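Dropping query06.txt in here (compact mmCIF, C-alpha atoms and all ligand atoms):
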# COMPACT_ATOMS: atom_id res chain seq x y z
CA MET A 1 99.30 -184.10 26.03
CA THR A 2 95.86 -184.77 27.52
CA GLU A 3 92.83 -184.19 25.41
CA ALA A 4 90.69 -181.21 26.35
CA PRO A 5 87.49 -182.33 28.08
CA ARG A 6 84.32 -181.85 26.15
CA ASN A 7 82.42 -178.99 27.65
CA LYS A 8 79.00 -177.99 26.40
CA THR A 9 79.74 -174.31 26.86
CA ALA A 10 83.18 -174.47 25.19
CA GLY A 11 83.07 -172.90 21.78
CA ASN A 12 79.70 -171.29 22.40
CA ILE A 13 79.25 -167.56 22.72
CA TRP A 14 77.86 -166.68 26.12
CA SER A 15 77.18 -163.54 28.12
CA HIS A 16 76.45 -162.69 31.72
CA TYR A 17 74.85 -159.56 33.13
CA ASN A 18 73.40 -158.53 36.45
CA PRO A 19 72.91 -154.85 37.32
CA VAL A 20 71.86 -155.15 41.00
CA ARG A 21 74.02 -153.23 43.50
CA ILE A 22 74.59 -155.53 46.47
CA THR A 23 75.32 -154.46 50.06
CA SER A 24 75.67 -157.26 52.56
CA GLY A 25 76.69 -157.87 56.15
CA GLN A 26 75.67 -157.56 59.77
CA GLY A 27 74.00 -154.20 60.35
CA ALA A 28 73.60 -153.49 56.62
CA ILE A 29 69.96 -152.48 57.27
CA ASP A 30 71.34 -149.23 58.76
CA ARG A 31 72.47 -148.27 55.23
CA LEU A 32 68.92 -148.37 53.85
CA PHE A 33 68.71 -144.61 53.42
CA SER A 34 72.35 -144.00 52.48
CA LEU A 35 72.66 -146.27 49.48
CA ASP A 36 74.30 -145.07 46.32
CA PRO A 37 72.50 -143.35 44.64
CA PRO A 38 70.74 -142.09 47.80
CA VAL A 39 66.99 -141.84 48.27
CA ALA A 40 65.90 -138.30 47.41
CA VAL A 41 64.69 -137.02 50.77
CA GLY A 42 61.86 -134.92 49.38
CA LYS A 43 60.38 -137.81 47.43
CA ARG A 44 57.90 -140.50 48.30
CA ILE A 45 58.80 -144.07 49.26
CA PHE A 46 56.44 -147.01 49.08
CA MET A 47 57.28 -149.95 51.30
CA VAL A 48 56.00 -153.50 50.89
CA THR A 49 56.24 -155.89 53.80
CA SER A 50 54.14 -158.35 55.77
CA THR A 51 52.17 -157.92 59.01
CA GLY A 52 54.79 -159.78 61.06
CA PHE A 53 57.40 -157.05 60.51
CA THR A 54 54.94 -154.34 61.47
CA ALA A 55 53.93 -156.32 64.58
CA ARG A 56 57.59 -156.76 65.57
CA GLY A 57 58.25 -153.05 65.18
CA VAL A 58 60.57 -153.32 62.18
CA THR A 59 58.32 -151.20 59.93
CA ALA A 60 58.29 -148.43 62.57
CA GLN A 61 62.09 -148.64 62.90
CA ILE A 62 62.48 -148.14 59.16
CA GLU A 63 60.06 -145.20 59.19
CA ALA A 64 62.08 -143.65 62.04
CA GLN A 65 65.32 -144.28 60.15
CA GLY A 66 63.87 -142.48 57.14
CA ARG A 67 62.92 -139.45 59.25
CA LYS A 68 66.43 -139.42 60.77
CA HIS A 69 67.83 -139.23 57.24
CA GLY A 70 65.65 -136.22 56.45
CA LEU A 71 62.87 -137.98 54.58
CA LYS A 72 60.16 -135.32 54.29
CA ASN A 73 57.15 -137.42 53.35
CA PRO A 74 55.93 -140.34 55.47
CA ILE A 75 56.62 -143.73 53.91
CA LEU A 76 53.52 -145.29 52.33
CA VAL A 77 53.38 -148.78 53.83
CA PHE A 78 51.58 -151.83 52.46
CA ASP A 79 52.08 -154.61 54.98
CA GLY A 80 49.46 -156.98 53.61
CA ALA A 81 51.76 -158.97 51.31
CA THR A 82 50.94 -162.67 51.41
CA PRO A 83 52.56 -165.83 50.00
CA ASN A 84 51.96 -166.31 46.28
CA PRO A 85 50.92 -162.73 45.34
CA GLU A 86 47.68 -162.48 43.38
CA LEU A 87 47.73 -160.76 39.99
CA ASP A 88 44.54 -158.72 40.47
CA LEU A 89 45.59 -157.43 43.89
CA LEU A 90 48.96 -156.31 42.49
CA ASP A 91 47.23 -154.45 39.65
CA ARG A 92 44.94 -152.71 42.14
CA ILE A 93 47.85 -151.65 44.35
CA ALA A 94 49.92 -150.43 41.37
CA THR A 95 47.14 -148.37 39.81
CA GLY A 96 46.16 -147.00 43.25
CA LEU A 97 49.69 -145.64 43.68
CA ARG A 98 49.62 -143.65 40.45
CA GLY A 99 49.84 -139.90 40.94
CA LYS A 100 51.33 -140.24 44.42
CA GLY A 101 54.87 -139.37 43.32
CA ILE A 102 56.45 -142.68 44.31
CA THR A 103 60.15 -142.63 43.43
CA ARG A 104 61.42 -145.69 45.27
CA ILE A 105 60.06 -148.96 46.62
CA ILE A 106 61.45 -150.77 49.64
CA ALA A 107 60.66 -154.49 49.83
CA LEU A 108 61.26 -156.03 53.24
CA GLY A 109 60.35 -159.67 53.55
CA GLY A 110 60.54 -163.08 51.91
CA GLY A 111 60.32 -163.96 48.25
CA SER A 112 56.63 -163.16 47.90
CA VAL A 113 57.14 -159.68 49.34
CA LEU A 114 60.02 -159.09 46.95
CA ASP A 115 58.00 -160.40 44.01
CA THR A 116 55.07 -158.16 45.02
CA ALA A 117 57.35 -155.11 44.99
CA LYS A 118 59.01 -156.06 41.70
CA ALA A 119 55.69 -156.60 39.91
CA ILE A 120 54.34 -153.28 41.22
CA SER A 121 57.58 -151.51 40.26
CA VAL A 122 56.91 -152.09 36.54
CA ALA A 123 53.10 -152.00 36.64
CA LEU A 124 52.94 -148.61 38.39
CA PRO A 125 54.65 -146.55 35.64
CA SER A 126 52.99 -148.50 32.80
CA ASP A 127 50.46 -146.64 30.68
CA LEU A 128 48.12 -149.65 30.64
CA GLU A 129 45.02 -149.58 32.81
CA ALA A 130 45.39 -152.97 34.51
CA PRO A 131 48.91 -153.79 33.31
CA LEU A 132 49.44 -157.25 34.77
CA ASP A 133 46.03 -158.44 33.64
CA MET A 134 46.57 -157.11 30.12
CA VAL A 135 50.13 -158.35 29.69
CA LEU A 136 50.08 -161.65 31.56
CA ARG A 137 46.49 -162.84 31.38
CA GLN A 138 45.45 -161.33 28.07
CA GLY A 139 48.82 -161.64 26.34
CA ASN A 140 49.17 -157.98 25.31
CA PRO A 141 52.67 -157.74 23.70
CA HIS A 142 53.67 -154.90 26.00
CA LYS A 143 57.26 -154.50 27.17
CA TRP A 144 58.01 -153.13 30.64
CA LYS A 145 59.74 -149.92 29.60
CA SER A 146 60.32 -148.24 32.93
CA ARG A 147 60.31 -149.02 36.63
CA ILE A 148 60.32 -147.49 40.08
CA PRO A 149 63.66 -148.60 41.59
CA VAL A 150 63.28 -151.34 44.22
CA VAL A 151 65.55 -151.81 47.23
CA ALA A 152 65.12 -155.49 48.05
CA VAL A 153 65.77 -156.45 51.67
CA PRO A 154 65.30 -160.22 52.00
CA THR A 155 64.39 -161.60 55.41
CA THR A 156 64.61 -165.23 54.35
CA ALA A 157 67.62 -167.01 52.89
CA GLY A 158 66.24 -168.74 49.86
CA THR A 159 64.58 -167.12 46.88
CA GLY A 160 67.40 -164.94 45.62
CA ALA A 161 64.63 -162.64 44.34
CA GLU A 162 66.75 -159.70 45.44
CA VAL A 163 68.93 -160.17 42.34
CA THR A 164 66.68 -161.75 39.70
CA PRO A 165 64.81 -160.16 36.78
CA PHE A 166 61.57 -162.03 37.35
CA ALA A 167 58.66 -162.10 39.78
CA THR A 168 56.10 -164.87 40.10
CA VAL A 169 52.46 -163.84 40.31
CA TRP A 170 49.46 -166.09 40.70
CA ASP A 171 45.90 -166.27 39.46
CA SER A 172 44.50 -168.78 41.92
CA GLU A 173 40.94 -168.58 40.62
CA ASN A 174 42.04 -169.75 37.18
CA LYS A 175 44.80 -171.99 38.56
CA LYS A 176 47.53 -170.15 36.65
CA LYS A 177 50.96 -168.84 37.48
CA TYR A 178 52.74 -166.12 35.55
CA SER A 179 56.18 -164.57 35.48
CA VAL A 180 56.74 -160.83 35.23
CA SER A 181 60.18 -160.63 33.68
CA GLY A 182 62.66 -158.47 31.87
CA GLU A 183 65.49 -156.11 32.55
CA MET A 184 63.21 -153.58 34.26
CA VAL A 185 62.25 -156.19 36.87
CA TYR A 186 65.73 -156.32 38.48
CA PRO A 187 65.76 -154.55 41.84
CA SER A 188 68.15 -151.59 41.81
CA HIS A 189 69.66 -152.64 45.15
CA ALA A 190 69.87 -155.76 47.29
CA LEU A 191 70.49 -155.12 50.96
CA LEU A 192 71.30 -158.27 52.92
CA ASP A 193 71.51 -158.25 56.69
CA PRO A 194 71.71 -161.71 58.29
CA GLU A 195 70.24 -160.39 61.54
CA LEU A 196 66.90 -160.04 59.75
CA THR A 197 66.80 -163.81 59.22
CA LEU A 198 67.34 -164.70 62.89
CA THR A 199 63.60 -164.73 63.67
CA LEU A 200 62.75 -167.09 60.83
CA PRO A 201 60.91 -170.14 62.26
CA PRO A 202 62.46 -173.61 61.74
CA LYS A 203 60.10 -174.74 58.96
CA GLU A 204 60.59 -171.54 56.97
CA THR A 205 64.34 -171.75 57.51
CA LEU A 206 64.25 -175.25 56.07
CA TYR A 207 61.92 -174.57 53.15
CA THR A 208 63.62 -171.36 52.05
CA GLY A 209 67.04 -173.00 52.39
CA LEU A 210 65.80 -175.83 50.18
CA ASP A 211 64.69 -173.26 47.62
CA ALA A 212 68.25 -171.90 47.48
CA ILE A 213 69.63 -175.42 47.02
CA SER A 214 67.08 -176.04 44.29
CA HIS A 215 68.17 -172.85 42.50
CA ALA A 216 71.84 -173.85 42.62
CA LEU A 217 71.08 -177.32 41.20
CA GLU A 218 68.62 -176.04 38.60
CA SER A 219 71.27 -173.60 37.41
CA LEU A 220 73.95 -176.30 37.25
CA TRP A 221 71.86 -178.64 35.09
CA ASN A 222 70.44 -175.81 33.02
CA LYS A 223 70.75 -175.49 29.26
CA ASN A 224 71.47 -171.77 29.73
CA ARG A 225 74.40 -172.27 32.08
CA THR A 226 77.56 -170.27 31.55
CA PRO A 227 80.98 -170.52 33.23
CA VAL A 228 79.89 -167.62 35.47
CA SER A 229 76.54 -169.12 36.49
CA GLU A 230 78.25 -172.46 37.08
CA ALA A 231 80.86 -170.91 39.39
CA LEU A 232 78.15 -169.05 41.31
CA ALA A 233 75.96 -172.14 41.63
CA LEU A 234 78.82 -174.41 42.73
CA LYS A 235 79.91 -171.96 45.41
CA SER A 236 76.29 -171.58 46.49
CA LEU A 237 75.85 -175.34 46.77
CA SER A 238 79.01 -175.82 48.84
CA LEU A 239 77.95 -173.01 51.22
CA ALA A 240 74.40 -174.37 51.54
CA ASN A 241 75.67 -177.93 52.11
CA GLU A 242 77.46 -176.65 55.19
CA ALA A 243 75.08 -173.92 56.31
CA LEU A 244 71.63 -175.50 56.01
CA PRO A 245 72.17 -178.49 58.37
CA ALA A 246 74.09 -176.19 60.74
CA VAL A 247 71.46 -173.45 60.84
CA LEU A 248 68.70 -175.98 61.47
CA LYS A 249 70.64 -177.14 64.55
CA GLN A 250 71.77 -173.65 65.62
CA PRO A 251 69.10 -171.19 64.43
CA GLU A 252 70.56 -168.44 66.62
CA SER A 253 73.96 -168.62 64.88
CA LEU A 254 74.53 -165.42 62.95
CA TYR A 255 77.55 -167.04 61.32
CA PHE A 256 75.51 -169.81 59.71
CA ARG A 257 72.56 -167.49 59.01
CA GLU A 258 74.93 -165.27 57.04
CA MET A 259 76.44 -168.24 55.23
CA MET A 260 72.97 -169.41 54.21
CA GLN A 261 72.07 -165.91 53.08
CA GLN A 262 75.19 -165.83 50.89
CA ALA A 263 74.30 -169.24 49.45
CA ALA A 264 70.84 -167.94 48.52
CA LEU A 265 72.29 -164.77 47.00
CA LEU A 266 74.80 -166.66 44.83
CA ALA A 267 72.13 -169.09 43.64
CA GLY A 268 69.92 -166.10 42.84
CA LEU A 269 72.71 -164.58 40.78
CA ALA A 270 73.14 -167.91 38.98
CA ILE A 271 69.44 -168.28 38.08
CA SER A 272 69.24 -164.62 37.11
CA ARG A 273 71.11 -165.83 34.02
CA THR A 274 69.87 -169.38 33.58
CA ARG A 275 66.37 -169.30 35.12
CA THR A 276 65.18 -172.46 36.89
CA ALA A 277 64.29 -175.81 35.30
CA ILE A 278 62.49 -179.09 35.84
CA ALA A 279 62.26 -179.12 39.67
CA HIS A 280 60.49 -175.77 39.57
CA ALA A 281 58.28 -176.86 36.70
CA ILE A 282 57.18 -179.79 38.87
CA SER A 283 56.52 -177.50 41.84
CA TYR A 284 54.02 -175.05 40.40
CA PRO A 285 50.91 -177.28 40.12
CA LEU A 286 51.56 -178.53 43.66
CA THR A 287 51.74 -175.04 45.10
CA MET A 288 48.68 -174.02 43.12
CA ARG A 289 46.52 -177.04 43.96
CA PHE A 290 47.67 -178.03 47.46
CA GLY A 291 49.35 -174.91 48.83
CA VAL A 292 52.69 -176.71 49.16
CA PRO A 293 55.27 -174.12 50.27
CA HIS A 294 57.50 -173.21 47.33
CA GLY A 295 60.79 -174.39 48.84
CA LEU A 296 59.35 -177.82 49.64
CA ALA A 297 57.53 -178.15 46.31
CA CYS A 298 60.69 -177.44 44.30
CA SER A 299 62.98 -179.67 46.35
CA PHE A 300 61.25 -182.96 47.14
CA THR A 301 62.15 -184.30 43.67
CA LEU A 302 65.78 -183.18 43.87
CA PRO A 303 67.18 -186.51 45.13
CA GLY A 304 65.68 -188.31 42.12
CA LEU A 305 66.78 -185.56 39.76
CA ILE A 306 70.36 -185.57 41.10
CA ARG A 307 70.51 -189.31 40.40
CA HIS A 308 68.94 -188.83 36.97
CA TYR A 309 71.37 -186.06 36.10
CA THR A 310 74.59 -187.57 37.41
CA GLN A 311 74.15 -191.20 36.41
CA ALA A 312 75.50 -190.87 32.89
CA LEU A 313 78.02 -188.09 33.42
CA ASN A 314 81.75 -188.52 33.25
CA PRO A 315 83.73 -187.54 36.37
CA ASP A 316 82.71 -183.97 36.92
CA PRO A 317 83.47 -181.63 39.85
CA ARG A 318 79.78 -180.74 40.03
CA ASN A 319 78.99 -184.32 40.97
CA ALA A 320 80.88 -184.19 44.29
CA ALA A 321 78.89 -181.20 45.54
CA MET A 322 75.65 -182.70 44.22
CA HIS A 323 76.28 -185.97 46.04
CA ASP A 324 76.86 -184.09 49.30
CA THR A 325 73.55 -182.32 48.69
CA LEU A 326 71.90 -185.66 47.97
CA GLU A 327 72.89 -186.99 51.40
CA ILE A 328 71.46 -183.91 53.11
CA LEU A 329 68.21 -184.08 51.16
CA GLU A 330 67.73 -187.78 51.85
CA SER A 331 68.16 -187.22 55.57
CA LEU A 332 65.25 -184.74 55.50
CA ASN A 333 62.61 -187.21 54.23
CA LEU A 334 60.87 -184.60 52.10
CA LYS A 335 58.42 -187.08 50.57
CA ALA A 336 56.78 -187.45 53.99
CA GLU A 337 56.72 -183.67 54.40
CA ILE A 338 54.94 -183.21 51.10
CA ALA A 339 52.36 -185.89 51.88
CA ASN A 340 51.23 -183.63 54.76
CA TYR A 341 49.96 -181.23 52.10
CA THR A 342 48.84 -183.56 49.33
CA GLY A 343 47.27 -186.17 51.60
CA GLY A 344 49.28 -188.80 49.73
CA GLU A 345 47.38 -188.18 46.49
CA ASP A 346 48.88 -189.72 43.34
CA LEU A 347 50.76 -186.77 41.86
CA SER A 348 51.36 -188.44 38.50
CA LYS A 349 48.01 -187.11 37.26
CA TYR A 350 49.62 -183.65 37.12
CA VAL A 351 52.64 -184.57 34.99
CA ASP A 352 51.31 -182.79 31.90
CA GLU A 353 51.12 -179.54 33.84
CA MET A 354 54.57 -180.23 35.31
CA LEU A 355 56.13 -180.62 31.90
CA TYR A 356 55.12 -177.00 31.30
CA PRO A 357 57.67 -176.28 28.58
CA ASP A 358 58.73 -172.81 29.74
CA ARG A 359 60.86 -174.31 32.52
CA ALA A 360 60.98 -178.07 32.09
CA TRP A 361 62.80 -177.83 28.76
CA LEU A 362 65.70 -175.96 30.40
CA TYR A 363 66.79 -179.19 32.12
CA SER A 364 69.81 -180.22 30.08
CA LYS A 365 69.07 -183.94 30.11
CA SER A 366 66.03 -185.32 28.39
CA ILE A 367 63.21 -186.36 30.67
CA ASN A 368 59.93 -187.76 29.40
CA ARG A 369 56.51 -188.28 30.85
CA MET A 370 57.28 -191.79 32.08
CA ASP A 371 60.57 -190.68 33.73
CA LEU A 372 58.59 -188.08 35.61
CA VAL A 373 55.91 -190.54 36.70
CA CYS A 374 58.68 -192.81 38.07
CA LEU A 375 60.36 -189.88 39.79
CA LEU A 376 57.13 -188.91 41.57
CA ALA A 377 56.37 -192.51 42.52
CA LYS A 378 59.75 -193.26 44.12
FE FE B 401 62.50 -171.19 43.70
Please express what this file holds, its structure, as structure tokens.
Ligand SMILES: [Fe+2]
Amino acid sequence: MTEAPRNKTAGNIWSHYNPVRITSGQGAIDRLFSLDPPVAVGKRIFMVTSTGFTARGVTAQIEAQGRKHGLKNPILVFDGATPNPELDLLDRIATGLRGKGITRIIALGGGSVLDTAKAISVALPSDLEAPLDMVLRQGNPHKWKSRIPVVAVPTTAGTGAEVTPFATVWDSENKKKYSVSGEMVYPSHALLDPELTLTLPPKETLYTGLDAISHALESLWNKNRTPVSEALALKSLSLANEALPAVLKQPESLYFREMMQQAALLAGLAISRTRTAIAHAISYPLTMRFGVPHGLACSFTLPGLIRHYTQALNPDPRNAAMHDTLEILESLNLKAEIANYTGGEDLSKYVDEMLYPDRAWLYSKSINRMDLVCLLAK
């Protein structure tokens, strides 16, 4: 009889939970106003998006769809969402919406749009005056007790924010990044239509795809991993390994767009349990200081981290998928991409910020300051 392999999760009690209702497929956007439970037609909807969708007519199409479904009140639209949403702006929007009878929020856009909507969804019903400032910046021990349900409609294939219980908000003046998190932060619905990702420019397709890959890897090497998160992350990685190179070559392919969207969704489901780890910890100071796009900032160290993680492991099915990913990442020459933002500055001076314990400690292998300096130098 063969001996049972040693598995870190074996023998441990684990749990997995994700309450987001998912609807996915070509044309799924047409179900926006017939989701279960349906939007109450007499109530007020707030929609968060970015100017591009309004300019391309998508916002107007959604407003028309709402009227067709008997929506009595016009949708309140905020289309000024920007990358890396600012804490003070979110507080102002949330408190400005009080008393307007908002019963549902639609978020149409990339990760920052979804994070904007999720942060507002818990800040709006809070009884605090400037909730995000008081809870995140001032450390008030307030729990998010209620929310306005969010229908998350991602238009990129990367963040997985449509199924996670956290939203990243930024305080650029004080060079800080915070996470709004907790059960109330889950969107109520995720609506995924691959057609919405067809207009994504090449760079954003690449960077958001890299974010999804980073999530799958960060979940696989995470101290919080469970058999469920591991299965989700492995499937995500194998889909992304096929879809990302293909979609970069054939951006008009709905087949590969959908495959990449599924990869991002599965990775999002995986990190909704585990959270991210060291690659994301490394990314935050670079996004804050140099404006490095999130997907690039959290992926340029992945080749080094894959080597660091797999070097001492016994034969493990995760390694095969990781090595396929390694080949793809190396072909992309991400170090050169990142130098376009950092001007080639020595990044090792930021290692103390990168070892920010909230995320870095979730990496299941030990990594010290010197390892990180070497990783950044290679
Ligand atoms: Fe990420």
Sort by chain and increasing residue number a table of all residues of chain A within 10 Å of ligand FE 401 (chain B), each with its closest pair of atoms and their distance in Å to one decimal, counting all atoms listed in the file, and write it as JSON lines.
{"residue": "A:Gly111", "atom": "CA", "partner": "B:FE401", "partner_atom": "FE", "distance": 8.8}
{"residue": "A:Gly158", "atom": "CA", "partner": "B:FE401", "partner_atom": "FE", "distance": 7.6}
{"residue": "A:Thr159", "atom": "CA", "partner": "B:FE401", "partner_atom": "FE", "distance": 5.6}
{"residue": "A:Gly160", "atom": "CA", "partner": "B:FE401", "partner_atom": "FE", "distance": 8.2}
{"residue": "A:Ala161", "atom": "CA", "partner": "B:FE401", "partner_atom": "FE", "distance": 8.8}
{"residue": "A:Thr168", "atom": "CA", "partner": "B:FE401", "partner_atom": "FE", "distance": 9.7}
{"residue": "A:Thr208", "atom": "CA", "partner": "B:FE401", "partner_atom": "FE", "distance": 8.4}
{"residue": "A:Gly209", "atom": "CA", "partner": "B:FE401", "partner_atom": "FE", "distance": 10.0}
{"residue": "A:Leu210", "atom": "CA", "partner": "B:FE401", "partner_atom": "FE", "distance": 8.6}
{"residue": "A:Asp211", "atom": "CA", "partner": "B:FE401", "partner_atom": "FE", "distance": 4.9}
{"residue": "A:Ala212", "atom": "CA", "partner": "B:FE401", "partner_atom": "FE", "distance": 6.9}
{"residue": "A:Ile213", "atom": "CA", "partner": "B:FE401", "partner_atom": "FE", "distance": 8.9}
{"residue": "A:Ser214", "atom": "CA", "partner": "B:FE401", "partner_atom": "FE", "distance": 6.7}
{"residue": "A:His215", "atom": "CA", "partner": "B:FE401", "partner_atom": "FE", "distance": 6.0}
{"residue": "A:Ala216", "atom": "CA", "partner": "B:FE401", "partner_atom": "FE", "distance": 9.8}
{"residue": "A:Glu218", "atom": "CA", "partner": "B:FE401", "partner_atom": "FE", "distance": 9.3}
{"residue": "A:Ala267", "atom": "CA", "partner": "B:FE401", "partner_atom": "FE", "distance": 9.9}
{"residue": "A:Gly268", "atom": "CA", "partner": "B:FE401", "partner_atom": "FE", "distance": 9.0}
{"residue": "A:Ile271", "atom": "CA", "partner": "B:FE401", "partner_atom": "FE", "distance": 9.4}
{"residue": "A:Arg275", "atom": "CA", "partner": "B:FE401", "partner_atom": "FE", "distance": 9.6}
{"residue": "A:Thr276", "atom": "CA", "partner": "B:FE401", "partner_atom": "FE", "distance": 7.4}
{"residue": "A:Ala277", "atom": "CA", "partner": "B:FE401", "partner_atom": "FE", "distance": 9.8}
{"residue": "A:Ala279", "atom": "CA", "partner": "B:FE401", "partner_atom": "FE", "distance": 8.9}
{"residue": "A:His280", "atom": "CA", "partner": "B:FE401", "partner_atom": "FE", "distance": 6.5}
{"residue": "A:Ala281", "atom": "CA", "partner": "B:FE401", "partner_atom": "FE", "distance": 9.9}
{"residue": "A:Ser283", "atom": "CA", "partner": "B:FE401", "partner_atom": "FE", "distance": 8.9}
{"residue": "A:Tyr284", "atom": "CA", "partner": "B:FE401", "partner_atom": "FE", "distance": 9.9}
{"residue": "A:His294", "atom": "CA", "partner": "B:FE401", "partner_atom": "FE", "distance": 6.5}
{"residue": "A:Gly295", "atom": "CA", "partner": "B:FE401", "partner_atom": "FE", "distance": 6.3}
{"residue": "A:Leu296", "atom": "CA", "partner": "B:FE401", "partner_atom": "FE", "distance": 9.4}
{"residue": "A:Ala297", "atom": "CA", "partner": "B:FE401", "partner_atom": "FE", "distance": 8.9}
{"residue": "A:Cys298", "atom": "CA", "partner": "B:FE401", "partner_atom": "FE", "distance": 6.5}
{"residue": "A:Ser299", "atom": "CA", "partner": "B:FE401", "partner_atom": "FE", "distance": 8.9}
- Item | Leu372 of chain A surroundings by all atoms listed in the file, 10 Å radius, close-in-sequence under 2 positions cut, as a PyMOL selection string | chain A and resi 278+282+301+304-305+348+351-352+354-355+367-370+374-377
- Message: As an exercise, work out the distance from atom CA of Ser229 of chain A to atom CA of Ser272 of chain A in Å and give it to one decimal place.
- Response: 8.6 Å
- Check the smallest atom-to-atom distance from each of A:Arg359, A:Lys68, A:His16, A:Arg56 to Leu196 of chain A using only C-alpha atoms, then report the winner.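 Under the stated criterion, the closest residue is A:Arg56.
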Considering all atoms listed in the file, give me a table of residues in segment 139-195 of chain A that are at most 9 Å from segment 113-120 of chain A, with the closest atom pair and distance in Å for each, as a Markdown table.
| residue | atom | partner | partner_atom | distance |
| --- | --- | --- | --- | --- |
| A:Arg147 | CA | A:Ile120 | CA | 8.7 |
| A:Ile148 | CA | A:Ile120 | CA | 8.4 |
| A:Pro149 | CA | A:Lys118 | CA | 8.8 |
| A:Val150 | CA | A:Lys118 | CA | 6.8 |
| A:Ala152 | CA | A:Leu114 | CA | 6.3 |
| A:Val153 | CA | A:Leu114 | CA | 7.9 |
| A:Pro154 | CA | A:Leu114 | CA | 7.4 |
| A:Ala161 | CA | A:Leu114 | CA | 6.4 |
| A:Glu162 | CA | A:Leu114 | CA | 6.9 |
| A:Pro165 | CA | A:Lys118 | CA | 8.6 |
| A:Phe166 | CA | A:Asp115 | CA | 7.7 |
| A:Ala167 | CA | A:Asp115 | CA | 4.6 |
| A:Thr168 | CA | A:Asp115 | CA | 6.2 |
| A:Val169 | CA | A:Asp115 | CA | 7.5 |
| A:Val180 | CA | A:Ala119 | CA | 6.4 |
| A:Ser181 | CA | A:Ala119 | CA | 8.7 |
| A:Met184 | CA | A:Lys118 | CA | 8.9 |
| A:Val185 | CA | A:Lys118 | CA | 5.8 |
| A:Tyr186 | CA | A:Lys118 | CA | 7.5 |
| A:Pro187 | CA | A:Lys118 | CA | 6.9 |
- Message: Neighbouring residues of His323 of chain A were defined as those with any atom within 10 Å, considering all atoms listed in the file; residues of the same chain fewer than 6 positions away were excluded. Please report them as a list of chain:residue names.
- Response: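 Returned residues: A:Pro303, A:Ile306, A:Arg307, A:Thr310, A:Leu329.
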Go ahead and write the residues just picked, C-alpha atoms, as a PDB file, in the coordinates of the input.
ATOM      1  CA  PRO A 303      67.180-186.510  45.130  1.00  0.00           C
ATOM      2  CA  ILE A 306      70.360-185.570  41.100  1.00  0.00           C
ATOM      3  CA  ARG A 307      70.510-189.310  40.400  1.00  0.00           C
ATOM      4  CA  THR A 310      74.590-187.570  37.410  1.00  0.00           C
ATOM      5  CA  LEU A 329      68.210-184.080  51.160  1.00  0.00           C
TER       6      LEU A 329
END
- One decimal, Å: what's the distance from atom CA of Met134 of chain A over to atom CA of Thr164 of chain A, could you say?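 Atom CA of Thr164 of chain A lies at a distance of 22.8 Å from atom CA of Met134 of chain A.
With only C-alpha atoms as the atoms that count, the minimum distance from Thr287 of chain A to the choices A:Ile338, A:Ala263, A:Leu132, A:Leu89 is reached by A:Ile338.
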- Rank nothing, just name the residue among A:Phe78, A:Trp221, A:Tyr17, A:Tyr207 nearest to Glu183 of chain A, using all atoms listed in the file.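 Comparing A:Phe78, A:Trp221, A:Tyr17, A:Tyr207 against Glu183 of chain A, the winner is A:Tyr17.
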